[in-house]
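Notes follow the structure.
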Amino acid sequence: MMRRGMDPLRRQKTGLKHVFYVFLSISLAYSYNIDLEHPLVFRGPNNSFFGYSVLEHYHDNTRWIIVGAPRANSTYSSSVHSPGAVYKCRVHSNPERRCTEMDLGRGNRESCGKTCQGDRDDEWMGVSLARQNRGDGKILACAHRWKNIYYDHEHILPHGYCSIIPPTLQGRTKPLIPCYEDHKQKYGEEHGSCQAGIAGVFTEELVVMGAPGSYYWTGTIKVYNLTSDSFYSPNKEDIDSHRYSYLGYAVTAGHFSSPNVIDIAAGAPQHSGSGKVYIFKIDGGSLVKSFQASGKMV
């Protein structure tokens with residue numbers, strides 16, 4: 001008389017399933033391994049923070065690694081002290097693994113508005129890099145410590161500066177100084193110390209720059225629309241006014257609410273000591289909060 005329990009054939013099939021599941025999981029794990037034995041190694045100048053930011057770029061059948069070195073001296077701005085630099089390293093047909101600095105066409109000093117005089121000393125160009133999400137994508141490179149010294153006797157204003165670099169990695173770049181406003185001179189107030197570009201992301205038509213120093217380090221984000229040549233910022237009433245929240249310290253973008261809508265996410269890591277994340281959507285000429293979540297611990 002058979003004892004109650006699992007049928008032997010069924011038990012055997014179950015065992016085979018276990019073997020199959022184990023085999024499947026192992027094969028999936030190995031498919032994501034990185035080749036550690038044949039790396040491509042690129043090196044930059046000593047003490048330049050070469051590799052602080054990195055991205056891949058592809059244009060005209062050529063693959064590149066773009067590297068930020070925010071403490072580097074610049075070949076193209078010899079009188080500026082450690083402004084940082086962005087390097088391009090060809091992946092193939094480059095046996096010496098040589099990297100060359102990109103000429104962003106900026107020179108030593110920059111005039112940027114009625115009450116603006118740029119100072120590039122220690123600006124940290126290359127602190128963040130982002131690539132436009134398309135085949136012939138442009139590149140965003142930022143220097144969050146770029147300063148406006150027009151009111152040098154009263155205030156030095158670290159607005160931050162970003163460059164949009166053509167897909168060819170040469171030619172004229174487009175400057176972005178999203179926090180500059182004529183006749184504004186108070187450090188800390190509004191965008192006087194915003195440090196735009198400490199983080200950045202580049203969608204098909206939007207450039208998103210984190211600005212954690214605005215409003216006495218409450219922080220904000222600045223979004224530039226390439227198509228309309230206009231800027232968006234969050235509604236102030238949508239953001240909790242906690243000083244030293246550092247909103248914009250990290251930013252990203254994606255289809256969080258709908259496949260047809262680009263939403264923008266930004267982190268405020270110091271908010272109330274535990275951090276906060278916001279998601280915004282573009283509504284008219286501003287960014288409107290659609291979601292927020294708070295952290296649970298320091």
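By order in the structure tokens, chains are A, B, ...; within a chain, residues start at 1; ligands start at 1, following the order shown.
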
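For Tyr180 of chain A, the list of residues within 9 Å, based on only C-alpha atoms and with local chain neighbours fewer than 3 positions off taken out, reads A:Cys112, A:Gly113, A:Cys116, A:Asn148, A:His159, A:Gly160, A:Ile177, A:Lys184, A:His191, A:Gly192.
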
DSSP on the backbone, then: every residue of segment 12-216 of chain A marked alpha helix (DSSP H), written as an mmCIF file with N, CA and C atoms, in the first residue's frame.
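And here's selection_6.cif as it stands now:
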data_model
loop_
_atom_site.group_PDB
_atom_site.id
_atom_site.type_symbol
_atom_site.label_atom_id
_atom_site.label_comp_id
_atom_site.auth_asym_id
_atom_site.auth_seq_id
_atom_site.Cartn_x
_atom_site.Cartn_y
_atom_site.Cartn_z
ATOM 1 N N GLN A 12 10.487 13.734 -8.756
ATOM 2 C CA GLN A 12 11.636 13.781 -9.660
ATOM 3 C C GLN A 12 11.579 15.032 -10.530
ATOM 4 N N LYS A 13 10.348 15.369 -11.001
ATOM 5 C CA LYS A 13 10.207 16.560 -11.837
ATOM 6 C C LYS A 13 10.540 17.813 -11.046
ATOM 7 N N THR A 14 10.089 17.822 -9.785
ATOM 8 C CA THR A 14 10.379 18.981 -8.939
ATOM 9 C C THR A 14 11.883 19.149 -8.743
ATOM 10 N N GLY A 15 12.558 18.025 -8.539
ATOM 11 C CA GLY A 15 14.010 18.071 -8.405
ATOM 12 C C GLY A 15 14.673 18.618 -9.655
ATOM 13 N N LEU A 16 14.174 18.189 -10.821
ATOM 14 C CA LEU A 16 14.723 18.697 -12.074
ATOM 15 C C LEU A 16 14.499 20.200 -12.202
ATOM 16 N N LYS A 17 13.313 20.656 -11.738
ATOM 17 C CA LYS A 17 13.049 22.087 -11.780
ATOM 18 C C LYS A 17 14.055 22.850 -10.931
ATOM 19 N N HIS A 18 14.352 22.301 -9.734
ATOM 20 C CA HIS A 18 15.327 22.971 -8.870
ATOM 21 C C HIS A 18 16.673 23.084 -9.560
ATOM 22 N N VAL A 19 17.084 21.999 -10.216
ATOM 23 C CA VAL A 19 18.360 22.011 -10.933
ATOM 24 C C VAL A 19 18.326 23.058 -12.031
ATOM 25 N N PHE A 20 17.219 23.130 -12.764
ATOM 26 C CA PHE A 20 17.080 24.084 -13.857
ATOM 27 C C PHE A 20 17.131 25.519 -13.347
ATOM 28 N N TYR A 21 16.420 25.769 -12.248
ATOM 29 C CA TYR A 21 16.416 27.121 -11.688
ATOM 30 C C TYR A 21 17.817 27.525 -11.246
ATOM 31 N N VAL A 22 18.531 26.619 -10.608
ATOM 32 C CA VAL A 22 19.888 26.925 -10.166
ATOM 33 C C VAL A 22 20.780 27.206 -11.356
ATOM 34 N N PHE A 23 20.680 26.383 -12.387
ATOM 35 C CA PHE A 23 21.495 26.567 -13.587
ATOM 36 C C PHE A 23 21.172 27.906 -14.243
ATOM 37 N N LEU A 24 19.888 28.239 -14.311
ATOM 38 C CA LEU A 24 19.484 29.484 -14.940
ATOM 39 C C LEU A 24 20.032 30.684 -14.184
ATOM 40 N N SER A 25 19.947 30.647 -12.858
ATOM 41 C CA SER A 25 20.428 31.773 -12.073
ATOM 42 C C SER A 25 21.937 31.937 -12.202
ATOM 43 N N ILE A 26 22.661 30.835 -12.274
ATOM 44 C CA ILE A 26 24.121 30.921 -12.427
ATOM 45 C C ILE A 26 24.479 31.512 -13.779
ATOM 46 N N SER A 27 23.795 31.073 -14.822
ATOM 47 C CA SER A 27 24.120 31.575 -16.156
ATOM 48 C C SER A 27 23.814 33.064 -16.271
ATOM 49 N N LEU A 28 22.739 33.529 -15.627
ATOM 50 C CA LEU A 28 22.422 34.947 -15.655
ATOM 51 C C LEU A 28 23.468 35.754 -14.905
ATOM 52 N N ALA A 29 23.935 35.226 -13.782
ATOM 53 C CA ALA A 29 24.933 35.942 -12.997
ATOM 54 C C ALA A 29 26.221 36.121 -13.786
ATOM 55 N N TYR A 30 26.646 35.089 -14.479
ATOM 56 C CA TYR A 30 27.895 35.166 -15.209
ATOM 57 C C TYR A 30 27.786 36.074 -16.431
ATOM 58 N N SER A 214 21.404 77.555 -3.623
ATOM 59 C CA SER A 214 20.409 78.628 -3.694
ATOM 60 C C SER A 214 19.611 78.745 -2.402
ATOM 61 N N TYR A 215 19.152 79.972 -2.127
ATOM 62 C CA TYR A 215 18.299 80.247 -0.965
ATOM 63 C C TYR A 215 18.940 79.746 0.339
ATOM 64 N N TYR A 216 20.180 80.188 0.554
ATOM 65 C CA TYR A 216 20.939 79.780 1.741
ATOM 66 C C TYR A 216 21.002 78.257 1.861
#

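For the choices A:Leu157, A:Ile139, A:Val41, A:Val298, the atom-to-atom distance to Arg98 of chain A is smallest for A:Val41 when using only C-alpha atoms.
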
TODO: Go through A:Tyr246, A:Ser93, A:Pro167, A:Cys142 one by one, measure the shortest atom-to-atom distance of each to Gly267 of chain A using only C-alpha atoms, and give the residue with the smallest value.
DONE: A:Tyr246

Open item on the list: I'd like the contact shell of segment 223-238 of chain A - 12 Å cut-off, only C-alpha atoms, skipping same-chain residues fewer than 5 positions apart - returned as a PyMOL selection string.
Closed with: chain A and resi 132+138+140+162+164+174-180+190-191+196-197+199-211+214-215+218+247-248+251-253+262-266+278-292

Open item on the list: Please extract the residues of segment 1-223 of chain A with a backbone DSSP assignment of strand (DSSP E) and present them as JSON, numbers by chain.
Closed with: {"A": [53, 54, 55, 56, 57, 58, 59, 62, 63, 64, 65, 66, 67, 68, 69, 85, 86, 87, 88, 89, 90, 99, 100, 101, 110, 111, 112, 113, 116, 117, 118, 119, 125, 126, 127, 128, 129, 130, 131, 139, 140, 141, 142, 143, 147, 148, 161, 162, 163, 164, 165, 174, 175, 176, 200, 201, 202, 206, 207, 208, 209, 210, 211, 220, 221, 222, 223]}

TODO: Excluding His271 of chain A and residues on its chain fewer than 6 positions from it, collect all residues at most 9 Å away from it, counting only C-alpha atoms, and give them as a list in words.
DONE: Thr218, Asp240, His242, Arg243, Tyr244, Ser245, Tyr246, Leu247, Ser294 and Gly295 of chain A

What would the file look like if the residues just selected were written as a CSV table (one decimal), in the first residue's frame with all heavy atoms?
chain,number,residue,atom,x,y,z
A,218,THR,N,19.2,76.0,0.8
A,218,THR,CA,18.0,75.2,0.6
A,218,THR,C,18.1,74.4,-0.6
A,218,THR,O,17.8,73.2,-0.7
A,218,THR,CB,16.7,76.0,0.6
A,218,THR,OG1,16.6,76.7,1.8
A,218,THR,CG2,15.5,75.2,0.4
A,240,ASP,N,10.0,72.6,0.6
A,240,ASP,CA,10.1,72.9,2.1
A,240,ASP,C,11.3,73.8,2.3
A,240,ASP,O,12.4,73.4,1.9
A,240,ASP,CB,10.2,71.6,2.9
A,240,ASP,CG,9.0,70.8,2.8
A,240,ASP,OD1,7.9,71.4,2.6
A,240,ASP,OD2,9.1,69.6,3.0
A,242,HIS,N,13.8,74.5,4.1
A,242,HIS,CA,14.8,74.1,5.2
A,242,HIS,C,16.2,74.5,4.7
A,242,HIS,O,16.7,73.9,3.7
A,242,HIS,CB,14.7,72.6,5.5
A,242,HIS,CG,13.5,72.2,6.1
A,242,HIS,ND1,13.4,71.8,7.5
A,242,HIS,CD2,12.2,72.1,5.7
A,242,HIS,CE1,12.2,71.5,7.8
A,242,HIS,NE2,11.4,71.6,6.8
A,243,ARG,N,16.8,75.4,5.4
A,243,ARG,CA,18.2,75.7,5.0
A,243,ARG,C,19.1,74.5,5.1
A,243,ARG,O,18.9,73.7,6.0
A,243,ARG,CB,18.7,76.9,5.9
A,243,ARG,CG,18.1,78.2,5.6
A,243,ARG,CD,18.8,79.4,6.3
A,243,ARG,NE,18.2,80.7,6.0
A,243,ARG,CZ,18.8,81.8,6.4
A,243,ARG,NH1,19.8,81.8,7.1
A,243,ARG,NH2,18.2,83.0,6.0
A,244,TYR,N,20.1,74.5,4.3
A,244,TYR,CA,21.1,73.5,4.2
A,244,TYR,C,20.5,72.1,3.9
A,244,TYR,O,21.0,71.1,4.3
A,244,TYR,CB,21.9,73.4,5.5
A,244,TYR,CG,22.4,74.8,5.9
A,244,TYR,CD1,21.9,75.5,7.0
A,244,TYR,CD2,23.5,75.3,5.3
A,244,TYR,CE1,22.4,76.8,7.3
A,244,TYR,CE2,24.0,76.6,5.6
A,244,TYR,CZ,23.5,77.3,6.6
A,244,TYR,OH,24.0,78.5,6.9
A,245,SER,N,19.4,72.1,3.1
A,245,SER,CA,18.9,70.8,2.6
A,245,SER,C,19.7,70.3,1.4
A,245,SER,O,19.7,69.1,1.1
A,245,SER,CB,17.4,71.0,2.2
A,245,SER,OG,16.6,71.3,3.3
A,246,TYR,N,20.3,71.3,0.6
A,246,TYR,CA,21.1,70.9,-0.6
A,246,TYR,C,20.3,70.3,-1.7
A,246,TYR,O,20.7,69.3,-2.3
A,246,TYR,CB,22.3,70.0,-0.2
A,246,TYR,CG,23.3,70.6,0.8
A,246,TYR,CD1,24.1,69.8,1.5
A,246,TYR,CD2,23.4,72.0,0.9
A,246,TYR,CE1,25.0,70.3,2.4
A,246,TYR,CE2,24.3,72.5,1.8
A,246,TYR,CZ,25.1,71.7,2.6
A,246,TYR,OH,26.0,72.2,3.5
A,247,LEU,N,19.1,70.8,-1.9
A,247,LEU,CA,18.3,70.3,-3.0
A,247,LEU,C,19.1,70.5,-4.3
A,247,LEU,O,19.5,71.6,-4.6
A,247,LEU,CB,16.9,71.0,-3.1
A,247,LEU,CG,16.1,70.6,-4.3
A,247,LEU,CD1,15.7,69.2,-4.3
A,247,LEU,CD2,14.8,71.5,-4.3
A,294,SER,N,10.5,61.1,1.9
A,294,SER,CA,11.6,61.5,2.9
A,294,SER,C,12.3,60.2,3.3
A,294,SER,O,11.8,59.1,3.3
A,294,SER,CB,10.9,62.1,4.1
A,294,SER,OG,10.2,63.3,3.8
A,295,GLY,N,13.6,60.5,3.8
A,295,GLY,CA,14.4,59.4,4.3
A,295,GLY,C,14.0,59.0,5.7
A,295,GLY,O,13.2,59.7,6.4
